[in-house]
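A.B. asks: The following file, my_file.cif, comprises mmCIF, C-alpha atoms:
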```
data_structure
loop_
_atom_site.label_atom_id
_atom_site.label_comp_id
_atom_site.auth_asym_id
_atom_site.auth_seq_id
_atom_site.Cartn_x
_atom_site.Cartn_y
_atom_site.Cartn_z
CA MET A 1 39.31 -30.76 88.05
CA LEU A 2 37.79 -27.30 88.27
CA VAL A 3 39.67 -26.16 85.18
CA ARG A 4 38.50 -29.23 83.28
CA ALA A 5 34.85 -28.57 84.26
CA SER A 6 35.12 -24.94 83.17
CA LEU A 7 36.61 -25.95 79.85
CA PHE A 8 33.81 -28.47 79.33
CA GLY A 9 31.21 -25.81 80.09
CA ILE A 10 32.68 -23.42 77.53
CA LEU A 11 32.76 -26.10 74.84
CA LEU A 12 29.16 -27.06 75.61
CA THR A 13 28.06 -23.44 75.31
CA LEU A 14 29.77 -22.99 71.97
CA PHE A 15 28.23 -26.21 70.65
CA LEU A 16 24.71 -25.18 71.67
CA THR A 17 25.20 -21.73 70.14
CA GLY A 18 26.38 -23.20 66.84
CA CYS A 19 23.38 -25.56 66.60
CA GLY A 20 21.02 -22.68 67.26
CA THR A 21 22.50 -20.67 64.41
CA SER A 22 22.41 -23.67 62.12
CA SER A 23 18.80 -24.36 63.07
CA HIS A 24 17.89 -20.73 62.33
CA ARG A 25 19.43 -20.91 58.83
CA ASN A 26 17.59 -24.14 58.06
CA ASN A 27 14.26 -22.58 59.02
CA TYR A 28 14.82 -19.51 56.71
CA GLN A 29 14.47 -21.18 53.31
CA ALA A 30 13.44 -19.88 49.90
CA ALA A 31 9.77 -20.39 49.12
CA ILE A 32 8.94 -23.66 47.43
CA TRP A 33 7.22 -23.23 43.99
CA PRO A 34 4.18 -25.50 44.64
CA ASP A 35 3.42 -23.65 47.88
CA MET A 36 1.11 -20.94 46.50
CA ASN A 37 0.42 -19.52 49.98
CA SER A 38 4.05 -18.72 50.74
CA VAL A 39 5.19 -15.12 50.72
CA VAL A 40 8.41 -14.39 48.89
CA PRO A 41 10.27 -11.23 49.83
CA PRO A 42 10.52 -8.91 46.81
CA GLY A 43 13.86 -8.90 45.07
CA PRO A 44 15.71 -5.91 43.70
CA THR A 45 14.14 -4.17 40.65
CA PHE A 46 15.99 -2.77 37.68
CA PRO A 47 14.83 -0.11 35.22
CA ILE A 48 13.69 -1.32 31.78
CA GLY A 49 16.05 -0.31 29.02
CA ALA A 50 14.84 2.59 26.88
CA PRO A 51 16.31 4.95 24.32
CA ILE A 52 18.55 7.50 25.93
CA GLU A 53 17.81 11.10 25.02
CA SER A 54 20.79 13.38 25.20
CA ASN A 55 21.99 16.68 23.81
CA LEU A 56 25.45 15.23 23.31
CA PRO A 57 26.57 14.91 19.69
CA ALA A 58 25.97 11.53 18.09
CA PRO A 59 29.00 9.24 17.95
CA VAL A 60 30.88 9.26 14.71
CA LYS A 61 29.83 6.32 12.56
CA PRO A 62 32.51 4.23 10.93
CA VAL A 63 32.89 4.63 7.20
CA VAL A 64 30.85 1.93 5.45
CA PRO A 65 31.91 0.88 1.98
CA PRO A 66 29.28 1.45 -0.74
CA PRO A 67 26.98 -1.49 -1.53
CA PRO A 68 27.73 -3.65 -4.55
CA LYS A 69 26.35 -2.45 -7.86
CA SER A 70 23.29 -4.66 -7.82
CA PHE A 71 20.21 -2.47 -8.10
CA PRO A 72 17.49 -4.84 -6.86
CA ARG A 73 19.51 -5.60 -3.70
CA THR A 74 20.25 -1.99 -2.76
CA THR A 75 19.71 -1.23 0.94
CA ILE A 76 19.00 2.36 1.98
CA THR A 77 20.04 3.29 5.51
CA GLU A 78 19.98 7.11 5.38
CA THR A 79 16.97 9.38 5.79
CA TRP A 80 18.04 11.78 3.04
CA VAL A 81 19.97 10.20 0.21
CA PRO A 82 22.19 12.09 -2.25
CA LEU A 83 20.94 11.09 -5.68
CA GLU A 84 24.31 11.47 -7.38
CA ARG A 85 26.03 9.04 -5.04
CA TRP A 86 23.10 6.60 -5.12
CA SER A 87 22.93 6.49 -8.93
CA LYS A 88 26.67 5.84 -9.20
CA ALA A 89 26.68 3.19 -6.46
CA THR A 90 23.80 1.21 -7.92
CA ASP A 91 24.14 1.78 -11.68
CA ALA A 92 20.35 2.03 -11.53
CA ALA A 93 19.95 5.22 -13.54
CA VAL A 94 21.88 8.15 -14.95
CA LEU A 95 21.34 11.43 -13.11
CA SER A 96 21.20 14.67 -15.07
CA GLN A 97 20.04 18.21 -14.39
CA ARG A 98 17.18 19.41 -16.57
CA ALA A 99 16.78 22.97 -15.33
CA THR A 100 18.33 25.48 -12.95
CA GLY A 101 16.78 28.70 -11.75
CA PRO A 102 14.25 29.00 -8.94
CA VAL A 103 13.21 25.32 -9.15
CA PRO A 104 16.17 23.08 -10.04
CA THR A 105 14.93 20.01 -11.91
CA PHE A 106 16.71 16.65 -12.16
CA ALA A 107 16.09 13.45 -14.12
CA LEU A 108 16.93 9.83 -13.45
CA GLN A 109 17.02 7.82 -16.66
CA SER A 110 17.01 4.01 -16.77
CA THR A 111 16.27 1.40 -19.38
CA ASN A 112 12.64 1.37 -18.16
CA GLY A 113 12.03 5.11 -18.38
CA THR A 114 12.79 8.55 -16.98
CA PHE A 115 11.83 9.93 -13.57
CA VAL A 116 11.83 13.73 -13.27
CA LEU A 117 11.80 15.48 -9.90
CA HIS A 118 11.77 19.11 -8.81
CA THR A 119 13.54 20.29 -5.65
CA GLY A 120 11.11 21.75 -3.15
CA SER A 121 8.09 20.15 -4.87
CA LEU A 122 6.09 16.99 -4.17
CA LEU A 123 5.12 16.79 -7.82
CA ALA A 124 7.20 14.50 -10.04
CA GLN A 125 6.78 12.80 -13.42
CA TRP A 126 7.37 9.26 -14.58
CA GLU A 127 7.38 8.91 -18.37
CA GLY A 128 5.12 11.96 -18.57
CA LEU A 129 2.69 10.71 -15.89
CA GLU A 130 2.08 12.77 -12.77
CA VAL A 131 3.42 11.15 -9.59
CA ARG A 132 3.39 12.68 -6.09
CA LEU A 133 6.19 12.13 -3.59
CA GLY A 134 5.83 11.94 0.17
CA PHE A 135 8.60 14.47 0.87
CA ALA A 136 9.83 17.32 -1.30
CA PRO A 137 13.38 16.71 -2.64
CA GLN A 138 16.01 19.03 -1.19
CA LEU A 139 18.98 20.86 -2.70
CA ILE A 140 21.94 20.64 -0.29
CA ASP A 141 25.22 22.28 -1.29
CA GLY A 142 24.03 22.27 -4.88
CA HIS A 143 23.26 18.52 -4.92
CA PRO A 144 19.77 16.90 -5.02
CA TYR A 145 18.71 14.76 -2.05
CA VAL A 146 15.56 12.63 -1.82
CA HIS A 147 13.90 11.02 1.18
CA SER A 148 14.74 7.34 1.59
CA LEU A 149 11.06 6.34 1.59
CA ASP A 150 10.46 8.10 -1.72
CA LEU A 151 13.52 6.40 -3.12
CA SER A 152 12.59 2.90 -1.96
CA LYS A 153 8.81 3.09 -2.40
CA THR A 154 8.45 5.20 -5.56
CA ILE A 155 11.58 6.00 -7.55
CA GLN A 156 13.36 2.66 -7.25
CA PRO A 157 10.33 0.47 -8.16
CA LEU A 158 9.60 2.61 -11.23
CA LEU A 159 13.18 2.57 -12.44
CA GLN A 160 13.41 -1.16 -11.84
CA GLY A 161 10.21 -1.97 -13.75
CA ASN A 162 7.80 -4.86 -13.45
CA PRO A 163 8.38 -7.69 -11.00
CA PRO A 164 9.20 -10.98 -12.78
CA LEU A 165 6.22 -12.83 -14.17
CA GLY A 166 6.26 -16.57 -14.78
CA PRO A 167 4.26 -18.75 -17.16
CA GLY A 168 0.92 -20.17 -16.15
CA SER A 169 -2.80 -19.48 -16.07
CA SER A 170 -4.58 -16.25 -15.24
CA PRO A 171 -4.55 -14.64 -11.81
CA VAL A 172 -7.74 -14.10 -9.84
CA ILE A 173 -9.06 -10.57 -10.34
CA VAL A 174 -11.73 -9.03 -8.09
CA ILE A 175 -13.50 -5.93 -9.41
CA ASP A 176 -15.39 -3.75 -6.95
CA PRO A 177 -18.14 -1.51 -8.40
CA GLY A 178 -18.14 1.40 -5.95
CA HIS A 179 -21.19 2.17 -3.80
CA GLY A 180 -24.59 0.51 -4.29
CA GLY A 181 -27.97 0.26 -2.60
CA GLU A 182 -28.51 2.96 0.00
CA ASN A 183 -25.00 4.27 -0.65
CA PRO A 184 -25.50 5.82 -4.12
CA GLY A 185 -22.24 7.74 -4.35
CA THR A 186 -22.23 11.08 -6.11
CA ARG A 187 -24.81 12.40 -8.61
CA CYS A 188 -24.43 13.46 -12.21
CA VAL A 189 -24.67 17.22 -12.67
CA LEU A 190 -26.72 16.75 -15.85
CA ASP A 191 -29.69 14.69 -14.66
CA ASN A 192 -28.92 13.38 -11.14
CA ARG A 193 -28.14 9.85 -12.32
CA LEU A 194 -26.18 8.01 -9.64
CA GLU A 195 -22.54 6.99 -9.50
CA LYS A 196 -23.46 3.45 -8.36
CA GLU A 197 -25.17 2.84 -11.71
CA PHE A 198 -22.14 3.82 -13.77
CA THR A 199 -19.60 1.92 -11.65
CA LEU A 200 -21.60 -1.31 -11.90
CA ASP A 201 -21.92 -0.99 -15.68
CA TRP A 202 -18.18 -0.29 -16.03
CA ALA A 203 -17.33 -3.29 -13.85
CA GLN A 204 -19.64 -5.66 -15.75
CA ARG A 205 -18.17 -4.64 -19.09
CA LEU A 206 -14.64 -5.12 -17.79
CA GLN A 207 -15.49 -8.51 -16.31
CA ALA A 208 -17.04 -9.70 -19.58
CA MET A 209 -13.90 -8.80 -21.54
CA LEU A 210 -11.51 -10.41 -19.10
CA MET A 211 -13.57 -13.58 -18.84
CA ALA A 212 -13.71 -13.80 -22.64
CA ASN A 213 -9.91 -14.05 -22.47
CA ASN A 214 -10.05 -16.87 -19.89
CA TYR A 215 -9.34 -14.74 -16.83
CA ARG A 216 -10.88 -15.63 -13.48
CA VAL A 217 -12.86 -12.52 -12.53
CA PHE A 218 -15.36 -11.85 -9.72
CA LEU A 219 -17.50 -8.81 -8.88
CA THR A 220 -18.09 -7.79 -5.27
CA ARG A 221 -21.65 -6.91 -6.33
CA SER A 222 -23.62 -7.69 -9.48
CA ASN A 223 -26.74 -5.69 -8.61
CA ASP A 224 -27.82 -2.62 -6.66
CA THR A 225 -26.63 -3.94 -3.30
CA ASP A 226 -25.19 -1.94 -0.40
CA LEU A 227 -22.05 -3.75 0.75
CA ALA A 228 -19.97 -2.67 3.74
CA LEU A 229 -16.33 -1.93 2.99
CA SER A 230 -15.27 -4.80 5.24
CA ASN A 231 -17.39 -7.21 3.19
CA ARG A 232 -15.70 -6.09 -0.03
CA VAL A 233 -12.32 -6.79 1.55
CA ALA A 234 -13.53 -10.16 2.86
CA PHE A 235 -14.84 -11.06 -0.61
CA ALA A 236 -11.38 -10.55 -2.14
CA ALA A 237 -9.76 -12.63 0.61
CA GLN A 238 -12.36 -15.38 0.22
CA HIS A 239 -11.58 -15.67 -3.50
CA LYS A 240 -7.80 -15.47 -2.94
CA ALA A 241 -7.55 -12.44 -5.21
CA ASP A 242 -4.24 -11.53 -6.84
CA LEU A 243 -5.51 -8.14 -8.03
CA PHE A 244 -8.26 -5.89 -6.65
CA LEU A 245 -9.71 -2.88 -8.48
CA SER A 246 -12.34 -0.58 -6.97
CA LEU A 247 -14.09 1.54 -9.62
CA HIS A 248 -15.54 5.00 -8.87
CA PHE A 249 -16.41 8.35 -10.39
CA ASN A 250 -15.55 11.65 -8.76
CA SER A 251 -17.29 14.89 -7.80
CA ALA A 252 -16.23 18.38 -6.79
CA ALA A 253 -19.78 19.82 -6.66
CA PRO A 254 -20.69 22.63 -6.80
CA ASN A 255 -17.41 23.18 -8.66
CA GLU A 256 -18.06 22.25 -12.29
CA VAL A 257 -14.51 22.91 -13.53
CA GLU A 258 -12.55 20.04 -11.96
CA ALA A 259 -12.03 17.14 -14.35
CA GLY A 260 -9.69 14.25 -14.94
CA LEU A 261 -8.48 10.88 -13.77
CA GLU A 262 -7.19 9.95 -10.31
CA THR A 263 -5.81 6.55 -9.30
CA TYR A 264 -5.20 5.68 -5.64
CA CYS A 265 -3.11 3.14 -3.80
CA LEU A 266 -2.33 2.79 -0.11
CA THR A 267 0.29 5.09 1.41
CA PRO A 268 3.46 3.29 2.60
CA ALA A 269 4.10 3.34 6.34
CA GLY A 270 6.12 6.36 7.46
CA MET A 271 5.07 8.50 4.50
CA PRO A 272 2.42 11.24 4.60
CA SER A 273 -0.55 10.75 2.29
CA ASN A 274 -1.06 12.93 -0.78
CA LEU A 275 -4.71 13.42 0.19
CA THR A 276 -6.59 12.89 3.46
CA ARG A 277 -10.11 14.31 2.86
CA GLY A 278 -10.21 15.23 6.53
CA PHE A 279 -9.51 11.69 7.76
CA PRO A 280 -6.66 11.02 10.25
CA ASP A 281 -3.35 10.17 8.61
CA GLU A 282 -1.37 8.01 11.02
CA ILE A 283 1.88 7.89 9.09
CA HIS A 284 3.50 5.14 11.19
CA GLN A 285 0.49 2.81 11.04
CA THR A 286 0.94 -0.32 8.93
CA PHE A 287 -1.99 -2.04 7.20
CA PRO A 288 -2.08 -5.53 5.62
CA ASN A 289 -2.01 -4.04 2.11
CA ASN A 290 1.30 -2.27 2.84
CA ALA A 291 2.99 -5.61 2.14
CA PHE A 292 2.18 -4.88 -1.52
CA ASP A 293 3.42 -1.28 -1.74
CA THR A 294 5.51 -1.91 -4.87
CA GLN A 295 2.86 -3.94 -6.68
CA ASN A 296 0.21 -1.34 -5.78
CA LEU A 297 2.21 1.45 -7.39
CA LEU A 298 3.00 -0.50 -10.55
CA LEU A 299 -0.61 -1.64 -10.93
CA ALA A 300 -1.85 1.93 -10.46
CA LEU A 301 0.68 3.19 -13.00
CA GLN A 302 -0.35 0.74 -15.70
CA VAL A 303 -4.10 1.22 -15.32
CA HIS A 304 -3.73 4.99 -15.01
CA ARG A 305 -1.65 5.22 -18.18
CA ALA A 306 -4.17 3.18 -20.18
CA LEU A 307 -7.15 5.25 -19.02
CA LEU A 308 -5.44 8.52 -19.90
CA GLU A 309 -5.48 7.41 -23.54
CA ILE A 310 -9.28 7.41 -23.32
CA ASN A 311 -10.05 10.53 -21.28
CA GLY A 312 -7.92 12.89 -23.35
CA HIS A 313 -4.95 12.87 -20.97
CA ARG A 314 -6.74 14.80 -18.23
CA ASP A 315 -4.27 13.67 -15.58
CA ARG A 316 -4.83 14.38 -11.89
CA GLY A 317 -2.14 11.94 -10.88
CA ILE A 318 -1.44 8.68 -9.10
CA ARG A 319 -2.08 9.38 -5.44
CA ARG A 320 -1.42 7.62 -2.16
CA ALA A 321 -3.96 7.79 0.64
CA ARG A 322 -5.01 5.94 3.79
CA PHE A 323 -8.69 6.90 3.89
CA PRO A 324 -9.94 4.32 1.31
CA GLY A 325 -11.05 1.59 3.71
CA VAL A 326 -11.56 -0.80 0.81
CA LEU A 327 -7.78 -0.85 0.23
CA ARG A 328 -6.27 -1.04 3.71
CA GLY A 329 -7.13 -4.66 4.53
CA GLN A 330 -6.43 -6.15 1.10
CA GLN A 331 -4.04 -9.10 0.92
CA CYS A 332 -3.05 -8.45 -2.70
CA ALA A 333 -2.17 -5.64 -5.08
CA ALA A 334 -5.08 -3.19 -4.86
CA ILE A 335 -6.02 0.19 -6.34
CA LEU A 336 -9.00 2.53 -6.47
CA VAL A 337 -9.79 4.40 -9.71
CA GLU A 338 -11.77 7.64 -9.95
CA GLY A 339 -12.65 7.51 -13.65
CA GLY A 340 -13.81 11.11 -14.08
CA TYR A 341 -15.91 13.90 -12.58
CA LEU A 342 -19.69 13.64 -12.66
CA SER A 343 -19.74 17.25 -11.44
CA ASN A 344 -18.11 18.44 -14.67
CA PRO A 345 -20.78 18.77 -17.45
CA GLN A 346 -18.45 17.79 -20.31
CA GLU A 347 -16.97 14.81 -18.49
CA ALA A 348 -20.36 13.76 -17.11
CA ARG A 349 -21.79 13.68 -20.64
CA ARG A 350 -19.06 11.26 -21.69
CA ILE A 351 -19.53 9.06 -18.61
CA GLU A 352 -23.26 8.80 -19.31
CA ASP A 353 -22.47 7.47 -22.79
CA SER A 354 -22.39 3.65 -22.74
CA GLY A 355 -19.88 3.70 -25.61
CA TYR A 356 -17.48 5.73 -23.49
CA ARG A 357 -17.85 3.33 -20.55
CA GLN A 358 -17.08 0.54 -23.00
CA LYS A 359 -13.82 2.31 -23.88
CA LEU A 360 -12.97 2.73 -20.21
CA ALA A 361 -13.47 -1.01 -19.72
CA GLU A 362 -11.34 -1.83 -22.76
CA ALA A 363 -8.55 0.41 -21.48
CA VAL A 364 -8.41 -1.33 -18.09
CA ALA A 365 -8.59 -4.76 -19.74
CA LYS A 366 -5.72 -3.83 -22.02
CA ALA A 367 -3.66 -2.72 -19.03
CA LEU A 368 -4.27 -6.00 -17.24
CA MET A 369 -3.82 -8.35 -20.19
CA PHE A 370 -0.95 -6.98 -22.28
CA ARG A 371 2.75 -7.18 -21.44
CA PRO A 372 4.54 -5.89 -24.55
CA GLY A 373 7.91 -5.27 -22.92
CA PRO A 374 9.90 -3.79 -20.02
CA GLY A 375 8.05 -1.26 -17.94
CA ALA A 376 4.61 -2.10 -19.37
CA GLY A 377 1.88 -4.68 -19.21
CA MET A 378 -0.15 -6.39 -16.57
CA ILE A 379 1.20 -5.90 -13.08
CA ALA A 380 1.04 -8.83 -10.69
CA SER A 381 3.31 -10.22 -8.02
CA ALA A 382 4.74 -13.62 -8.85
CA ALA A 383 5.33 -14.17 -5.14
CA SER A 384 1.73 -13.34 -4.33
CA ALA A 385 0.43 -15.58 -7.11
CA ALA A 386 2.60 -18.49 -5.95
CA GLU A 387 1.45 -17.96 -2.37
CA HIS A 388 -2.20 -18.25 -3.38
CA GLY A 389 -1.57 -21.09 -5.79
CA HIS A 390 -2.47 -19.01 -8.87
CA PRO A 391 0.37 -18.71 -11.41
CA THR A 392 0.62 -15.57 -13.48
CA PRO A 393 -1.01 -15.26 -16.91
CA PRO A 394 0.34 -16.03 -20.35
CA THR A 395 0.93 -13.22 -22.81
CA ALA A 396 -0.57 -14.88 -25.88
CA ASN A 397 -4.13 -15.20 -27.17
CA VAL A 398 -5.31 -11.82 -25.91
CA GLN A 399 -8.45 -11.01 -27.85
CA PRO A 400 -9.63 -7.40 -28.17
CA ALA A 401 -13.06 -6.72 -26.77
CA PRO A 402 -15.93 -6.12 -29.18
CA THR A 403 -16.45 -2.48 -30.07
CA SER A 404 -20.18 -2.66 -29.42
CA GLN A 405 -22.02 -4.42 -26.62
CA PRO A 406 -25.44 -4.15 -24.98
CA ASP A 407 -25.74 -1.27 -22.57
CA LYS A 408 -25.46 -3.70 -19.66
CA PRO A 409 -23.66 -6.95 -20.51
CA GLN A 410 -24.80 -9.92 -18.45
CA ALA A 411 -21.56 -11.73 -17.67
CA PRO A 412 -21.51 -14.48 -15.04
CA THR A 413 -20.98 -12.97 -11.61
CA GLU A 414 -20.58 -14.03 -8.03
CA THR A 415 -21.55 -11.65 -5.26
CA LEU A 416 -20.87 -11.78 -1.55
CA PRO A 417 -24.07 -12.19 0.48
CA LYS A 418 -25.12 -9.09 2.36
CA THR A 419 -24.06 -10.30 5.79
CA GLU A 420 -23.16 -6.87 7.14
CA THR A 421 -25.11 -3.68 6.76
CA SER A 422 -23.54 -0.28 6.31
CA SER A 423 -24.35 0.94 9.79
CA ALA A 424 -20.94 2.61 10.08
CA PRO A 425 -20.64 6.35 10.70
CA VAL A 426 -21.35 8.55 7.73
CA SER A 427 -17.68 9.44 7.28
CA GLN A 428 -16.72 5.77 6.95
CA ALA A 429 -19.64 4.90 4.68
CA GLN A 430 -18.76 7.73 2.32
CA SER A 431 -15.07 6.92 2.14
CA PRO A 432 -14.26 4.40 -0.62
#
```
What's the structure tokens form of this structure?

C.D. replies:
Amino acid sequence: MLVRASLFGILLTLFLTGCGTSSHRNNYQAAIWPDMNSVVPPGPTFPIGAPIESNLPAPVKPVVPPPPKSFPRTTITETWVPLERWSKATDAAVLSQRATGPVPTFALQSTNGTFVLHTGSLLAQWEGLEVRLGFAPQLIDGHPYVHSLDLSKTIQPLLQGNPPLGPGSSPVIVIDPGHGGENPGTRCVLDNRLEKEFTLDWAQRLQAMLMANNYRVFLTRSNDTDLALSNRVAFAAQHKADLFLSLHFNSAAPNEVEAGLETYCLTPAGMPSNLTRGFPDEIHQTFPNNAFDTQNLLLALQVHRALLEINGHRDRGIRRARFPGVLRGQQCAAILVEGGYLSNPQEARRIEDSGYRQKLAEAVAKALMFRPGPGAGMIASAASAAEHGHPTPPTANVQPAPTSQPDKPQAPTETLPKTETSSAPVSQAQSP
């Protein structure tokens, strides 16, 4: 009997102990989501993945077969690309050496033209026009290498030629007469006449010619109005522009020697600008207009080439820069033209002549309206035009502009209301 009582006591103790443990587990539950006052013990933390920096040699990459010989679909994966291998792999152009000596010179020749580059130099030529690269080509083991950005953003688009253009009506063109109002621009060395006067006259003449050929053309200003750069960009977006041209004249005062034509487009991301004018050059920053890097270059090339026929081939090159605020936010192909130096007496005398400004307008109109063949003609993106609902223009019925017009033609214009004043810092207001 005693043994049985002892055994019963042991079993009772074990049962009560087990219930206590079970009760303890049931009371220690995970916090319920709706209970916002509950405190949840912190869980373990893990480091966020990041690039691993190491002095160990990079792993050997597997050999990748060369891409198919389809030039428009070529993908560049290297930082420095051997031109000889690239030209053979793509059938894009024939590589040849033009000169040896202290500055070895090479040429890439395609059906659209010839691109000439010089090792160790940012200066290159496309069909005789001055073009600046972002990185100087290198000579490695006797073979020319170019930076992948220069290849994809400059050399390849030029060798390839114009993007395809489809039938349809004219694109929307926005012309921006530089400066205006309290922002007069530079002054003429001859008699202190203002840049804003000449840019407006040039723009009005160009608009009249394009509209006479059934193009849809708008001016950001049609009078002596001071427009903020942001308003000029907004005006182009409001009118769903396919092309944007900002017209200016240059100055190097007190230097009276500098002369010639400069045409600017936005610098591609990752590439240093050709000119900064003291402004920051954030090479990895991407702006909306960088989506049109190829169209920008081809538009600049065509307009630049046409204007050189008028100014006596005083060529200061097609340049890429980030400081022109009027270009960075554009949602279409956009360029800025410096049509000559008002600080140079000879060039200033020509700019002051209304007949010369008429010729400048005719040259730009010709560049925008004519498409005689591969590598020439009006530059516009078919994709951009389709996106905005504006098909690209026909090639027929292009009428030459009259050789004589009133000093200030009064073509129909539409100007953005002055909703924003130019209260920006001086450096921003003075940058185009």

A.B. asks: For stretch 342-355 of chain A, I'd like the enclosing box, axis-aligned and padded by 8 Å on every side, reported as AutoDock Vina command-line options with centre and edge lengths in Å to one decimal.

C.D. replies:
```
--center_x -20.1 --center_y 11.2 --center_z -18.5 --size_x 22.3 --size_y 31.1 --size_z 30.2
```

A.B. asks: Give me the residues near A:Arg357 as a list in words, where near means some atom within 10 Å (using all atoms listed in the file) and where sequence neighbours in that chain fewer than 2 positions away do not count.

C.D. replies: Phe198, Thr199, Asp201, Trp202, Ala203, Arg205, Leu206, Ile310, Gly339, Arg350, Ile351, Glu352, Asp353, Ser354, Gly355, Lys359, Leu360, Ala361, Glu362, Ala363 and Asp407 of chain A

A.B. asks: Considering only C-alpha atoms, state which residue in the set A:Leu298, A:Leu275, A:Val303, A:Cys265 is at the smallest distance from A:Leu336.

C.D. replies: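 Smallest distance to A:Leu336 is found for A:Cys265.
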
A.B. asks: Spell out the residues picked by the PyMOL selection byres ((chain A and resi 113) around 9) here, as a PyMOL selection string.

C.D. replies: chain A and resi 108-112+114-115+126-127+158-159+161+375

A.B. asks: Please expand the PyMOL selection byres ((chain A and resi 95) around 10) into the concrete residues it hits in this file, giving the result as a PDB file with C-alpha atoms, in the frame of the given file.

C.D. replies:
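Written output follows (result.pdb):
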```pdb
ATOM      1  CA  LEU A  83      20.940  11.090  -5.680  1.00  0.00           C
ATOM      2  CA  GLU A  84      24.310  11.470  -7.380  1.00  0.00           C
ATOM      3  CA  ARG A  85      26.030   9.040  -5.040  1.00  0.00           C
ATOM      4  CA  TRP A  86      23.100   6.600  -5.120  1.00  0.00           C
ATOM      5  CA  SER A  87      22.930   6.490  -8.930  1.00  0.00           C
ATOM      6  CA  LYS A  88      26.670   5.840  -9.200  1.00  0.00           C
ATOM      7  CA  ALA A  92      20.350   2.030 -11.530  1.00  0.00           C
ATOM      8  CA  ALA A  93      19.950   5.220 -13.540  1.00  0.00           C
ATOM      9  CA  VAL A  94      21.880   8.150 -14.950  1.00  0.00           C
ATOM     10  CA  SER A  96      21.200  14.670 -15.070  1.00  0.00           C
ATOM     11  CA  GLN A  97      20.040  18.210 -14.390  1.00  0.00           C
ATOM     12  CA  ARG A  98      17.180  19.410 -16.570  1.00  0.00           C
ATOM     13  CA  PHE A 106      16.710  16.650 -12.160  1.00  0.00           C
ATOM     14  CA  ALA A 107      16.090  13.450 -14.120  1.00  0.00           C
ATOM     15  CA  LEU A 108      16.930   9.830 -13.450  1.00  0.00           C
ATOM     16  CA  GLN A 109      17.020   7.820 -16.660  1.00  0.00           C
ATOM     17  CA  SER A 110      17.010   4.010 -16.770  1.00  0.00           C
ATOM     18  CA  THR A 114      12.790   8.550 -16.980  1.00  0.00           C
ATOM     19  CA  PHE A 115      11.830   9.930 -13.570  1.00  0.00           C
ATOM     20  CA  VAL A 116      11.830  13.730 -13.270  1.00  0.00           C
ATOM     21  CA  PRO A 144      19.770  16.900  -5.020  1.00  0.00           C
TER      22      PRO A 144
END
```

A.B. asks: Could you check the closest approach to A:Thr267 for each of A:Thr100, A:Ser251, A:Thr286, A:Thr186 and tell me which residue wins, using only C-alpha atoms?

C.D. replies: A:Thr286

A.B. asks: Write out as a list in words the residues lying within 10 Å of A:Lys153, counting only C-alpha atoms and excluding same-chain residues fewer than 3 positions away.

C.D. replies: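 What passes the distance filter is Leu133, Gly134, Ser148, Leu149, Asp150, Gln156, Pro157, Leu158, Thr267, Pro268, Ala269, Met271, Asp293, Thr294 and Leu297 of chain A.
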
A.B. asks: Calculated over only C-alpha atoms, which of the candidates A:Val337, A:Val146, A:Ala234, A:Cys332 has the smallest distance to A:His118?

C.D. replies: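 With only C-alpha atoms as the atom set, the closest residue is A:Val146.
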
A.B. asks: Can you measure atom CA of A:Ser246 to atom CA of A:Asn213 for me? One decimal in Å is fine.

C.D. replies: 20.7 Å

A.B. asks: State, in Å with one decimal place, the distance from atom CA of A:Gly278 to atom CA of A:Ala321.

C.D. replies: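 Taking atom CA of A:Gly278 as the start and atom CA of A:Ala321 as the end point, the length is 11.4 Å.
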
A.B. asks: Written as a ChimeraX atom specification, what is the full residue list that the PyMOL selection byres ((chain A and resi 255-258) around 9) yields on the file shown?

C.D. replies: /A:189,251-254,259-260,341-345

A.B. asks: Using only C-alpha atoms, can you tell me which of A:Leu266, A:Ala333, A:Leu301, A:Leu247 comes closest to A:Glu195?

C.D. replies: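 Of A:Leu266, A:Ala333, A:Leu301, A:Leu247, the one nearest A:Glu195 is A:Leu247, counting only C-alpha atoms.
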
A.B. asks: Can you find the residues with an atom no farther than 7 Å from (-23.7, 7.9, -3.2), counting all atoms listed in the file, and report them as a list in words?

C.D. replies: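 Protein, DNA and RNA residues close to (-23.7, 7.9, -3.2): His179, Asn183, Pro184, Gly185, Thr186, Leu194, Glu195 and Lys196 of chain A.
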
A.B. asks: Nearest to A:Leu210: which of A:Asn231, A:Thr225, A:Ser170, A:Gln346 is it, counting only C-alpha atoms?

C.D. replies: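 When distances to A:Leu210 are compared using only C-alpha atoms, the smallest one comes from A:Ser170.
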
A.B. asks: Could you check the closest approach to A:Phe249 for each of A:Ala99, A:Leu200, A:Leu299, A:Leu117 and tell me which residue wins, using all atoms listed in the file?

C.D. replies: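 Closest to A:Phe249 of all the choices is A:Leu200.
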
A.B. asks: Report the distance between atom CA of A:Ile283 and atom CA of A:Thr79 in Å, rounded to one decimal place.

C.D. replies: 15.5 Å

A.B. asks: Around (-25.7, -2.8, -14.2) in the file's own coordinates, what residues are found within 8 Å if you use all atoms listed in the file, given back as a PDB file with C-alpha atoms, in the coordinates of the input?

C.D. replies:
```
ATOM      1  CA  GLU A 197     -25.170   2.840 -11.710  1.00  0.00           C
ATOM      2  CA  PHE A 198     -22.140   3.820 -13.770  1.00  0.00           C
ATOM      3  CA  LEU A 200     -21.600  -1.310 -11.900  1.00  0.00           C
ATOM      4  CA  ASP A 201     -21.920  -0.990 -15.680  1.00  0.00           C
ATOM      5  CA  GLN A 204     -19.640  -5.660 -15.750  1.00  0.00           C
ATOM      6  CA  SER A 222     -23.620  -7.690  -9.480  1.00  0.00           C
ATOM      7  CA  ASN A 223     -26.740  -5.690  -8.610  1.00  0.00           C
ATOM      8  CA  ASP A 224     -27.820  -2.620  -6.660  1.00  0.00           C
ATOM      9  CA  LYS A 408     -25.460  -3.700 -19.660  1.00  0.00           C
ATOM     10  CA  PRO A 409     -23.660  -6.950 -20.510  1.00  0.00           C
TER      11      PRO A 409
END
```
